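Colleague: Next comes entry.pdb, PDB, C-alpha atoms:
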```
ATOM      1  CA  MET A  73      57.195  11.041 122.841
ATOM      2  CA  GLN A  74      57.841   7.504 121.630
ATOM      3  CA  SER A  75      60.763   8.559 119.427
ATOM      4  CA  SER A  76      62.334  10.548 122.284
ATOM      5  CA  LEU A  77      62.254   7.476 124.513
ATOM      6  CA  SER A  78      63.942   5.286 121.901
ATOM      7  CA  MET A  79      66.890   7.631 121.314
ATOM      8  CA  PRO A  80      68.842   6.806 124.544
ATOM      9  CA  THR A  81      68.551   3.121 123.741
ATOM     10  CA  GLU A  82      70.123   3.616 120.305
ATOM     11  CA  ARG A  83      72.896   5.780 121.758
ATOM     12  CA  SER A  84      73.665   3.244 124.476
ATOM     13  CA  ALA A  85      73.813   0.461 121.881
ATOM     14  CA  LYS A  86      76.575   2.153 119.922
ATOM     15  CA  PRO A  87      79.184   2.176 122.741
ATOM     16  CA  SER A  88      78.486  -1.452 123.582
ATOM     17  CA  ALA A  89      78.942  -2.474 119.936
ATOM     18  CA  TRP A  90      82.224  -0.534 119.788
ATOM     19  CA  ARG A  91      83.450  -2.081 123.035
ATOM     20  CA  SER A  92      82.675  -5.584 121.783
ATOM     21  CA  SER A  93      84.589  -5.107 118.529
ATOM     22  CA  SER A  94      88.129  -6.419 118.137
ATOM     23  CA  LEU A  95      89.437  -2.924 117.326
ATOM     24  CA  TYR A  96      88.426  -1.631 120.759
ATOM     25  CA  GLY A  97      91.036  -3.840 122.390
ATOM     26  CA  TYR A  98      93.764  -2.215 120.284
ATOM     27  CA  TRP A  99      92.416   1.244 121.136
ATOM     28  CA  LYS A 100      92.158   0.448 124.842
ATOM     29  CA  HIS A 101      95.785  -0.705 124.862
ATOM     30  CA  ARG A 102      96.921   1.787 122.228
ATOM     31  CA  TYR A 103     100.213   2.568 123.951
ATOM     32  CA  LEU A 104     101.176  -1.095 124.012
ATOM     33  CA  THR A 105     100.117  -1.314 120.364
ATOM     34  CA  LEU A 106     102.474   1.563 119.554
ATOM     35  CA  LEU A 107     105.308  -0.357 121.177
ATOM     36  CA  LEU A 108     104.501  -3.297 118.900
ATOM     37  CA  LEU A 109     104.360  -1.136 115.788
ATOM     38  CA  PRO A 110     108.150  -1.032 115.075
ATOM     39  CA  ALA A 111     108.304  -4.845 115.083
ATOM     40  CA  ILE A 112     105.332  -5.023 112.688
ATOM     41  CA  ILE A 113     106.980  -2.484 110.356
ATOM     42  CA  TYR A 114     110.236  -4.441 110.488
ATOM     43  CA  PHE A 115     108.592  -7.698 109.422
ATOM     44  CA  ILE A 116     106.583  -6.003 106.680
ATOM     45  CA  VAL A 117     109.585  -4.171 105.208
ATOM     46  CA  PHE A 118     112.251  -6.855 105.553
ATOM     47  CA  HIS A 119     110.228 -10.096 105.381
ATOM     48  CA  TYR A 120     107.038  -9.528 103.390
ATOM     49  CA  VAL A 121     108.015  -6.872 100.840
ATOM     50  CA  PRO A 122     111.065  -8.903  99.628
ATOM     51  CA  ILE A 123     108.692 -11.762  98.730
ATOM     52  CA  TYR A 124     108.109  -9.814  95.512
ATOM     53  CA  GLY A 125     111.661 -10.704  94.461
ATOM     54  CA  ILE A 126     111.052 -14.461  94.643
ATOM     55  CA  GLN A 127     109.930 -14.361  91.022
ATOM     56  CA  ILE A 128     113.530 -13.940  89.827
ATOM     57  CA  ALA A 129     114.007 -17.641  90.669
ATOM     58  CA  PHE A 130     111.857 -18.246  87.576
ATOM     59  CA  LYS A 131     113.531 -15.572  85.443
ATOM     60  CA  GLN A 132     116.954 -14.923  83.946
ATOM     61  CA  TYR A 133     117.524 -11.829  86.022
ATOM     62  CA  ARG A 134     119.425  -8.981  84.397
ATOM     63  CA  PHE A 135     120.233  -5.955  86.504
ATOM     64  CA  MET A 136     119.635  -3.422  83.733
ATOM     65  CA  ASP A 137     116.219  -4.888  82.874
ATOM     66  CA  GLY A 138     115.036  -5.152  86.462
ATOM     67  CA  ILE A 139     112.797  -7.820  87.930
ATOM     68  CA  SER A 140     109.766  -7.155  85.731
ATOM     69  CA  GLY A 141     111.792  -6.768  82.525
ATOM     70  CA  SER A 142     113.926  -9.919  82.869
ATOM     71  CA  PRO A 143     112.913 -12.860  80.635
ATOM     72  CA  TRP A 144     110.894 -15.747  82.080
ATOM     73  CA  VAL A 145     112.654 -19.141  82.106
ATOM     74  CA  GLY A 146     110.272 -21.178  84.297
ATOM     75  CA  LEU A 147     111.869 -24.056  86.201
ATOM     76  CA  GLU A 148     115.164 -23.932  84.329
ATOM     77  CA  HIS A 149     117.206 -22.882  87.368
ATOM     78  CA  PHE A 150     115.714 -25.672  89.466
ATOM     79  CA  ARG A 151     116.498 -28.292  86.801
ATOM     80  CA  TYR A 152     120.071 -27.027  86.654
ATOM     81  CA  LEU A 153     120.277 -27.008  90.451
ATOM     82  CA  PHE A 154     119.180 -30.621  90.828
ATOM     83  CA  SER A 155     121.605 -31.733  88.115
ATOM     84  CA  LEU A 156     124.661 -30.453  90.003
ATOM     85  CA  ASP A 157     126.687 -32.884  92.100
ATOM     86  CA  SER A 158     127.887 -29.966  94.225
ATOM     87  CA  PHE A 159     124.303 -29.177  95.246
ATOM     88  CA  TRP A 160     123.683 -32.668  96.613
ATOM     89  CA  LEU A 161     126.958 -32.452  98.537
ATOM     90  CA  VAL A 162     126.051 -29.188 100.273
ATOM     91  CA  LEU A 163     122.506 -30.472 100.888
ATOM     92  CA  ARG A 164     123.956 -33.572 102.545
ATOM     93  CA  ASN A 165     126.315 -31.442 104.649
ATOM     94  CA  THR A 166     123.432 -29.163 105.663
ATOM     95  CA  LEU A 167     121.213 -32.048 106.769
ATOM     96  CA  ILE A 168     123.992 -33.818 108.687
ATOM     97  CA  LEU A 169     125.018 -30.618 110.466
ATOM     98  CA  SER A 170     121.398 -29.646 111.223
ATOM     99  CA  LEU A 171     120.579 -33.094 112.624
ATOM    100  CA  LEU A 172     123.674 -33.035 114.843
ATOM    101  CA  LYS A 173     122.784 -29.564 116.105
ATOM    102  CA  PHE A 174     119.205 -30.650 116.692
ATOM    103  CA  ALA A 175     120.232 -33.764 118.623
ATOM    104  CA  ALA A 176     122.635 -31.818 120.852
ATOM    105  CA  GLY A 177     121.067 -28.356 120.892
ATOM    106  CA  PHE A 178     117.370 -29.028 121.386
ATOM    107  CA  PRO A 179     117.446 -30.976 124.692
ATOM    108  CA  ALA A 180     120.352 -28.944 126.135
ATOM    109  CA  PRO A 181     118.354 -25.766 127.027
ATOM    110  CA  ILE A 182     115.538 -27.889 128.483
ATOM    111  CA  LEU A 183     117.908 -29.790 130.755
ATOM    112  CA  PHE A 184     119.745 -26.595 131.660
ATOM    113  CA  ALA A 185     116.518 -24.755 132.561
ATOM    114  CA  VAL A 186     115.285 -27.650 134.721
ATOM    115  CA  LEU A 187     118.604 -27.911 136.570
ATOM    116  CA  LEU A 188     118.852 -24.132 136.958
ATOM    117  CA  ASN A 189     115.395 -24.080 138.482
ATOM    118  CA  GLU A 190     116.561 -26.528 141.155
ATOM    119  CA  LEU A 191     119.309 -24.225 142.449
ATOM    120  CA  ARG A 192     118.548 -23.077 145.985
ATOM    121  CA  SER A 193     120.727 -19.960 145.940
ATOM    122  CA  LEU A 194     118.967 -17.210 143.973
ATOM    123  CA  LEU A 195     122.218 -15.230 143.732
ATOM    124  CA  PHE A 196     124.102 -18.167 142.238
ATOM    125  CA  GLN A 197     121.193 -18.816 139.874
ATOM    126  CA  ARG A 198     121.350 -15.236 138.572
ATOM    127  CA  LEU A 199     125.125 -15.513 138.182
ATOM    128  CA  VAL A 200     124.837 -18.712 136.121
ATOM    129  CA  GLN A 201     122.115 -17.136 133.974
ATOM    130  CA  THR A 202     124.257 -14.068 133.252
ATOM    131  CA  VAL A 203     127.332 -16.129 132.357
ATOM    132  CA  THR A 204     125.398 -18.431 130.034
ATOM    133  CA  PHE A 205     123.346 -15.637 128.393
ATOM    134  CA  PHE A 206     126.392 -13.505 127.584
ATOM    135  CA  PRO A 207     127.787 -15.548 124.602
ATOM    136  CA  HIS A 208     124.513 -15.120 122.705
ATOM    137  CA  PHE A 209     125.181 -11.382 122.342
ATOM    138  CA  ILE A 210     128.653 -11.871 120.883
ATOM    139  CA  SER A 211     128.711 -11.888 117.077
ATOM    140  CA  TRP A 212     130.065 -14.910 115.222
ATOM    141  CA  VAL A 213     132.821 -12.724 113.768
ATOM    142  CA  ILE A 214     134.297 -12.297 117.244
ATOM    143  CA  MET A 215     133.322 -15.775 118.397
ATOM    144  CA  ALA A 216     135.009 -17.397 115.398
ATOM    145  CA  GLY A 217     138.248 -15.546 116.130
ATOM    146  CA  VAL A 218     138.118 -16.690 119.755
ATOM    147  CA  LEU A 219     137.477 -20.307 118.742
ATOM    148  CA  ILE A 220     140.267 -20.347 116.170
ATOM    149  CA  GLN A 221     142.750 -19.080 118.749
ATOM    150  CA  PHE A 222     141.369 -21.298 121.497
ATOM    151  CA  LEU A 223     141.614 -24.416 119.318
ATOM    152  CA  SER A 224     144.862 -23.485 117.588
ATOM    153  CA  PRO A 225     147.308 -26.435 117.362
ATOM    154  CA  SER A 226     150.242 -24.176 118.256
ATOM    155  CA  ILE A 227     149.019 -21.654 120.862
ATOM    156  CA  GLY A 228     145.557 -22.920 121.845
ATOM    157  CA  PRO A 229     145.018 -24.051 125.465
ATOM    158  CA  VAL A 230     143.059 -27.140 124.349
ATOM    159  CA  ASN A 231     145.973 -28.508 122.338
ATOM    160  CA  HIS A 232     148.401 -27.479 125.064
ATOM    161  CA  LEU A 233     146.420 -29.684 127.447
ATOM    162  CA  LEU A 234     146.468 -32.524 124.921
ATOM    163  CA  LYS A 235     150.247 -32.266 124.685
ATOM    164  CA  LEU A 236     150.565 -32.454 128.469
ATOM    165  CA  LEU A 237     148.464 -35.629 128.402
ATOM    166  CA  GLY A 238     150.723 -37.151 125.764
ATOM    167  CA  PHE A 239     148.477 -36.690 122.713
ATOM    168  CA  SER A 240     149.363 -35.100 119.388
ATOM    169  CA  PRO A 241     147.921 -31.629 118.686
ATOM    170  CA  VAL A 242     144.783 -31.488 116.556
ATOM    171  CA  PHE A 243     143.867 -28.718 114.127
ATOM    172  CA  PHE A 244     140.156 -28.855 115.032
ATOM    173  CA  VAL A 245     139.020 -26.080 112.659
ATOM    174  CA  GLY A 246     141.006 -27.491 109.723
ATOM    175  CA  ASP A 247     140.381 -31.212 110.259
ATOM    176  CA  PRO A 248     137.333 -32.618 108.364
ATOM    177  CA  ASP A 249     136.807 -35.209 111.115
ATOM    178  CA  TRP A 250     136.473 -32.539 113.809
ATOM    179  CA  PHE A 251     135.045 -29.503 112.003
ATOM    180  CA  ARG A 252     131.378 -30.505 112.295
ATOM    181  CA  TRP A 253     131.750 -31.128 116.020
ATOM    182  CA  VAL A 254     133.320 -27.692 116.428
ATOM    183  CA  LEU A 255     130.241 -26.172 114.765
ATOM    184  CA  VAL A 256     127.828 -28.238 116.854
ATOM    185  CA  PHE A 257     129.324 -27.616 120.286
ATOM    186  CA  SER A 258     130.116 -23.952 119.648
ATOM    187  CA  ASP A 259     126.481 -23.448 118.603
ATOM    188  CA  VAL A 260     125.216 -25.175 121.762
ATOM    189  CA  TRP A 261     127.583 -23.165 123.949
ATOM    190  CA  LYS A 262     126.598 -19.844 122.360
ATOM    191  CA  ASP A 263     122.816 -20.306 122.581
ATOM    192  CA  LEU A 264     122.430 -22.513 125.659
ATOM    193  CA  GLY A 265     121.465 -19.747 128.090
ATOM    194  CA  TRP A 266     119.366 -17.815 125.602
ATOM    195  CA  GLY A 267     117.418 -20.906 124.574
ATOM    196  CA  ALA A 268     116.628 -21.696 128.207
ATOM    197  CA  ILE A 269     114.705 -18.422 128.732
ATOM    198  CA  VAL A 270     111.493 -19.811 127.230
ATOM    199  CA  TYR A 271     111.625 -22.933 129.401
ATOM    200  CA  LEU A 272     112.421 -20.953 132.554
ATOM    201  CA  ALA A 273     109.354 -18.809 131.886
ATOM    202  CA  ALA A 274     107.259 -21.946 131.405
ATOM    203  CA  ILE A 275     108.574 -23.422 134.667
ATOM    204  CA  ALA A 276     107.713 -20.180 136.483
ATOM    205  CA  GLY A 277     104.108 -20.668 135.380
ATOM    206  CA  ILE A 278     103.754 -24.062 137.086
ATOM    207  CA  ASN A 279     101.606 -23.968 140.220
ATOM    208  CA  PRO A 280     103.966 -24.041 143.272
ATOM    209  CA  GLU A 281     101.353 -25.965 145.241
ATOM    210  CA  LEU A 282     102.073 -29.017 143.113
ATOM    211  CA  TYR A 283     105.654 -29.070 144.422
ATOM    212  CA  GLU A 284     104.463 -28.589 148.017
ATOM    213  CA  VAL A 285     102.026 -31.477 147.748
ATOM    214  CA  ALA A 286     104.715 -33.657 146.173
ATOM    215  CA  LYS A 287     107.076 -32.873 149.072
ATOM    216  CA  VAL A 288     104.429 -33.833 151.598
ATOM    217  CA  ASP A 289     103.954 -37.117 149.744
ATOM    218  CA  GLY A 290     107.688 -37.785 150.011
ATOM    219  CA  ALA A 291     108.692 -37.110 146.394
ATOM    220  CA  GLY A 292     112.374 -36.302 145.911
ATOM    221  CA  ARG A 293     113.862 -33.688 143.604
ATOM    222  CA  LEU A 294     114.273 -36.081 140.695
ATOM    223  CA  GLN A 295     110.689 -37.289 141.034
ATOM    224  CA  ARG A 296     109.388 -33.709 141.123
ATOM    225  CA  MET A 297     111.387 -32.901 138.007
ATOM    226  CA  LEU A 298     110.108 -35.950 136.136
ATOM    227  CA  HIS A 299     106.472 -35.823 137.211
ATOM    228  CA  ILE A 300     105.788 -32.088 137.670
ATOM    229  CA  THR A 301     108.345 -29.880 135.911
ATOM    230  CA  LEU A 302     108.716 -31.770 132.627
ATOM    231  CA  PRO A 303     104.964 -32.438 132.140
ATOM    232  CA  GLY A 304     104.283 -28.796 133.053
ATOM    233  CA  ILE A 305     106.496 -27.469 130.240
ATOM    234  CA  ALA A 306     105.517 -30.168 127.716
ATOM    235  CA  PRO A 307     103.275 -27.849 125.606
ATOM    236  CA  VAL A 308     106.088 -25.288 125.310
ATOM    237  CA  VAL A 309     108.562 -28.039 124.417
ATOM    238  CA  THR A 310     106.200 -29.208 121.676
ATOM    239  CA  VAL A 311     105.941 -25.717 120.164
ATOM    240  CA  MET A 312     109.719 -25.272 120.225
ATOM    241  CA  LEU A 313     110.120 -28.743 118.700
ATOM    242  CA  ILE A 314     107.886 -27.797 115.776
ATOM    243  CA  LEU A 315     109.901 -24.643 115.137
ATOM    244  CA  SER A 316     113.188 -26.548 115.453
ATOM    245  CA  VAL A 317     112.075 -29.171 112.927
ATOM    246  CA  GLY A 318     111.452 -26.367 110.445
ATOM    247  CA  LYS A 319     115.107 -25.356 110.781
ATOM    248  CA  LEU A 320     116.511 -28.758 109.836
ATOM    249  CA  ILE A 321     117.110 -27.593 106.274
ATOM    250  CA  GLN A 322     118.465 -24.252 107.486
ATOM    251  CA  ASP A 323     121.951 -23.462 108.763
ATOM    252  CA  ASP A 324     123.730 -20.650 110.571
ATOM    253  CA  PHE A 325     125.475 -18.724 107.794
ATOM    254  CA  ASP A 326     127.394 -16.409 110.138
ATOM    255  CA  GLN A 327     128.858 -19.312 112.074
ATOM    256  CA  VAL A 328     129.801 -21.482 109.097
ATOM    257  CA  PHE A 329     131.070 -18.620 106.931
ATOM    258  CA  ASN A 330     133.428 -17.307 109.626
ATOM    259  CA  LEU A 331     134.852 -20.751 110.461
ATOM    260  CA  LEU A 332     134.859 -22.334 106.982
ATOM    261  CA  ASN A 333     138.154 -22.822 105.157
ATOM    262  CA  PRO A 334     139.168 -24.745 101.999
ATOM    263  CA  ALA A 335     140.486 -27.687 104.049
ATOM    264  CA  VAL A 336     136.967 -28.552 105.267
ATOM    265  CA  TYR A 337     134.827 -27.660 102.248
ATOM    266  CA  GLN A 338     133.853 -31.294 101.751
ATOM    267  CA  VAL A 339     132.150 -31.456 105.168
ATOM    268  CA  GLY A 340     131.511 -27.788 106.005
ATOM    269  CA  ASP A 341     130.100 -26.241 102.843
ATOM    270  CA  VAL A 342     126.343 -25.801 103.387
ATOM    271  CA  LEU A 343     123.403 -24.339 101.469
ATOM    272  CA  SER A 344     123.794 -20.805 102.806
ATOM    273  CA  THR A 345     127.489 -20.541 101.901
ATOM    274  CA  TYR A 346     126.729 -22.173  98.544
ATOM    275  CA  THR A 347     124.024 -19.568  97.920
ATOM    276  CA  TYR A 348     126.379 -16.774  98.962
ATOM    277  CA  ARG A 349     129.074 -17.849  96.509
ATOM    278  CA  SER A 350     126.573 -18.273  93.683
ATOM    279  CA  GLY A 351     124.698 -15.028  94.247
ATOM    280  CA  VAL A 352     127.314 -12.586  95.540
ATOM    281  CA  GLU A 353     130.637 -13.860  94.193
ATOM    282  CA  GLN A 354     129.456 -15.312  90.858
ATOM    283  CA  LEU A 355     126.526 -12.856  90.398
ATOM    284  CA  LYS A 356     124.049 -15.684  89.646
ATOM    285  CA  TYR A 357     121.148 -13.942  91.328
ATOM    286  CA  SER A 358     118.387 -16.076  89.830
ATOM    287  CA  PHE A 359     120.178 -19.316  90.633
ATOM    288  CA  ALA A 360     120.873 -18.214  94.235
ATOM    289  CA  THR A 361     117.208 -17.239  94.653
ATOM    290  CA  ALA A 362     116.171 -20.691  93.404
ATOM    291  CA  VAL A 363     118.371 -22.299  96.059
ATOM    292  CA  GLY A 364     116.883 -20.078  98.761
ATOM    293  CA  LEU A 365     113.335 -20.784  97.595
ATOM    294  CA  PHE A 366     114.037 -24.522  97.677
ATOM    295  CA  LYS A 367     115.177 -24.210 101.307
ATOM    296  CA  ASN A 368     112.115 -22.211 102.319
ATOM    297  CA  VAL A 369     109.661 -24.613 100.689
ATOM    298  CA  ILE A 370     111.258 -27.589 102.448
ATOM    299  CA  SER A 371     111.188 -25.683 105.766
ATOM    300  CA  LEU A 372     107.494 -24.934 105.315
ATOM    301  CA  LEU A 373     106.730 -28.601 104.607
ATOM    302  CA  LEU A 374     108.708 -29.671 107.680
ATOM    303  CA  VAL A 375     106.831 -27.232 109.917
ATOM    304  CA  LEU A 376     103.468 -28.345 108.531
ATOM    305  CA  GLY A 377     104.396 -31.998 109.014
ATOM    306  CA  ALA A 378     105.662 -31.452 112.564
ATOM    307  CA  ASN A 379     102.549 -29.467 113.474
ATOM    308  CA  TRP A 380     100.300 -32.232 112.070
ATOM    309  CA  ALA A 381     102.182 -34.857 114.088
ATOM    310  CA  ALA A 382     101.958 -32.742 117.263
ATOM    311  CA  ASN A 383      98.195 -32.323 116.873
ATOM    312  CA  ARG A 384      97.782 -36.022 116.183
ATOM    313  CA  PHE A 385      99.683 -37.226 119.247
ATOM    314  CA  ASN A 386      99.066 -34.635 121.986
ATOM    315  CA  ARG A 387      97.095 -31.788 120.361
ATOM    316  CA  SER A 388      99.716 -29.182 121.225
ATOM    317  CA  GLY A 389     100.391 -27.867 117.726
ATOM    318  CA  LEU A 390     100.762 -24.247 116.729
ATOM    319  CA  TRP A 391      97.390 -24.298 114.978
TER
END
```
What is this file in structure tokens?

Modeller:
Amino acid sequence: MQSSLSMPTERSAKPSAWRSSSLYGYWKHRYLTLLLLPAIIYFIVFHYVPIYGIQIAFKQYRFMDGISGSPWVGLEHFRYLFSLDSFWLVLRNTLILSLLKFAAGFPAPILFAVLLNELRSLLFQRLVQTVTFFPHFISWVIMAGVLIQFLSPSIGPVNHLLKLLGFSPVFFVGDPDWFRWVLVFSDVWKDLGWGAIVYLAAIAGINPELYEVAKVDGAGRLQRMLHITLPGIAPVVTVMLILSVGKLIQDDFDQVFNLLNPAVYQVGDVLSTYTYRSGVEQLKYSFATAVGLFKNVISLLLVLGANWAANRFNRSGLW
């Protein structure tokens, strides 16, 4: 009789233990988990599995011998890399270009999202969003062709306007003094609307009652932006700042490769194009992998440093 009374208790304990486990949440939302599965497979196949090939940065890779059969050379490729004057030139170009893009491109989506949020006409707001989002979905192959024609010294409308104003035409894409600015402003223009999506979502999460109370207290639009909107999206801005700092050593290969020409190599050649020429054109696979590994290690250190600083000052780091 005693054992028969204890059986329901044991059976009822099993479902509660299952429901409290972390796996139950995935089972309960199994259809949403299935939707996430393709993204997980993508990252595993194209981001984690290729990590196995990093070891060729420490080997003299030979195609016929494969990765495991190629001889080990240790840090030889890194010593050779740091001894090249060309490497320090492309590293300098990468840092200068990344800092310019960061200075112009990071605050631009924040300002755009805040101003877009202040538009009273919902229809006009949607129109502006559509127009600014559209360039993000155009590949740099097409975008580069448009920019080259648009900035052409002979048929481009920009130089035609300069001529009407009495100035000499400028070959923006082929002039070392202008090429970096072409890369910076074309990058901002292409990703302005797309980058603002995160901040618009953060603004939508701010309690509307705060704005109503501020209006009652006599706060104007600028005051509401400064004291409600910007502080409300500050945690999101911090997270995006950390991720942006990690990209300071990175560059947009598609953009630079499609706009780069021999006339601007001294200011436009960056690490990604340098790696491309070494690995694909010159078949120096181990050397190109060493360059890529150097970039990734520096990016990791930058992210860790930015996250530490964020936690130290306002405790809004990623972890």

Colleague: Given the file shown, determine the residues that the PyMOL selection byres ((chain A and resi 301-312) around 8) selects; report them as a ChimeraX atom specification.

Modeller: /A:186,270-271,274-275,278,296-300,313-316,382,388-390

Colleague: Here's the selection I'm unsure about, the PyMOL selection byres ((chain A and resi 347) around 9); applied to the file above, which residues does it give, as a list in words?

Modeller: Val342, Leu343, Ser344, Thr345, Tyr346, Tyr348, Arg349, Ser350, Gly351, Val352, Phe359, Ala360, Thr361, Val363 and Gly364 of chain A

Colleague: Go ahead and write the selection's residues with C-alpha atoms as a PDB file, in the frame of the given file.

Modeller:
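Output file out-v8.pdb follows:
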```pdb
ATOM      1  CA  VAL A 342     126.343 -25.801 103.387  1.00  0.00           C
ATOM      2  CA  LEU A 343     123.403 -24.339 101.469  1.00  0.00           C
ATOM      3  CA  SER A 344     123.794 -20.805 102.806  1.00  0.00           C
ATOM      4  CA  THR A 345     127.489 -20.541 101.901  1.00  0.00           C
ATOM      5  CA  TYR A 346     126.729 -22.173  98.544  1.00  0.00           C
ATOM      6  CA  TYR A 348     126.379 -16.774  98.962  1.00  0.00           C
ATOM      7  CA  ARG A 349     129.074 -17.849  96.509  1.00  0.00           C
ATOM      8  CA  SER A 350     126.573 -18.273  93.683  1.00  0.00           C
ATOM      9  CA  GLY A 351     124.698 -15.028  94.247  1.00  0.00           C
ATOM     10  CA  VAL A 352     127.314 -12.586  95.540  1.00  0.00           C
ATOM     11  CA  PHE A 359     120.178 -19.316  90.633  1.00  0.00           C
ATOM     12  CA  ALA A 360     120.873 -18.214  94.235  1.00  0.00           C
ATOM     13  CA  THR A 361     117.208 -17.239  94.653  1.00  0.00           C
ATOM     14  CA  VAL A 363     118.371 -22.299  96.059  1.00  0.00           C
ATOM     15  CA  GLY A 364     116.883 -20.078  98.761  1.00  0.00           C
TER      16      GLY A 364
END
```

Colleague: Pick the closest to A:Val328 from A:Leu169, A:Ala276, A:Val117, A:Met136: which is it, counting only C-alpha atoms?

Modeller: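 Ranked by minimum distance to A:Val328, first place goes to A:Leu169.
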
Colleague: For a test of reading the model, state the distance in Å between atom CA of A:Lys235 and atom CA of A:Phe222, rounded to one decimal.

Modeller: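 Computing it gives 14.5 Å between the two atoms.
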
Colleague: Name the residues captured by the PyMOL selection byres ((chain A and resi 368) around 12) when it is applied to the shown file; answer as a list of chain:residue names.

Modeller: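 When the PyMOL selection byres ((chain A and resi 368) around 12) is applied, the selected residues are A:Ile123, A:Ile126, A:Gly318, A:Lys319, A:Leu320, A:Ile321, A:Gln322, A:Asp323, A:Leu343, A:Ser344, A:Thr361, A:Ala362, A:Val363, A:Gly364, A:Leu365, A:Phe366, A:Lys367, A:Val369, A:Ile370, A:Ser371, A:Leu372, A:Leu373, A:Leu374, A:Val375.
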
Colleague: What is the atom CA of A:Leu187-atom CA of A:Trp266 distance in Å, reported with one decimal?

Modeller: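 Separation between atom CA of A:Leu187 and atom CA of A:Trp266: 14.9 Å.
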
Colleague: Please enclose the listed atoms of stretch 271-282 of chain A in an axis-aligned box, pad each side by 8 Å, and write out the centre and the three edge lengths in Å, rounded to one decimal, as lines of an AutoDock Vina configuration file.

Modeller:
```
center_x = 106.9
center_y = -23.9
center_z = 137.3
size_x = 27.1
size_y = 26.2
size_z = 31.8
```

Colleague: Would you mind listing what lies within 8 Å of A:Leu172 as a list in words, with all atoms listed in the file counted and same-chain residues fewer than 4 positions away left out?

Modeller: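 Listing them by chain and then by number gives Ile168, Ala176 and Val256 of chain A.
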
Colleague: Name the closest residue to A:Lys262 among the candidates A:Trp250, A:Phe135, A:Trp99, A:Phe205; distances are taken between atoms, counting only C-alpha atoms.

Modeller: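 Counting only C-alpha atoms, the residue closest to A:Lys262 is A:Phe205.
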
Colleague: Mind pulling up the distance from atom CA of A:Phe118 to atom CA of A:Phe150?

Modeller: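 For atom CA of A:Phe150 relative to atom CA of A:Phe118, the distance reads 25.0 Å.
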
Colleague: So that I can check the surroundings of stretch 198-202 of chain A, please list as a PyMOL selection string every protein, DNA and RNA residue that reaches within 12 Å of it, counting all atoms listed in the file and ignoring chain neighbours fewer than 2 positions away.

Modeller: chain A and resi 181+184-185+187-189+191-196+204-209+263-269+272

Colleague: Compile the contact shell of A:Tyr133 as a CSV table (one decimal) with C-alpha atoms, in the frame of the given file: residues with an atom at most 9 Å away, counting all atoms listed in the file, same-chain residues fewer than 6 positions apart removed.

Modeller:
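File part.csv, as written:
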```csv
chain,number,residue,atom,x,y,z
A,139,ILE,CA,112.8,-7.8,87.9
A,141,GLY,CA,111.8,-6.8,82.5
A,142,SER,CA,113.9,-9.9,82.9
A,143,PRO,CA,112.9,-12.9,80.6
A,144,TRP,CA,110.9,-15.7,82.1
A,356,LYS,CA,124.0,-15.7,89.6
A,357,TYR,CA,121.1,-13.9,91.3
A,358,SER,CA,118.4,-16.1,89.8
```
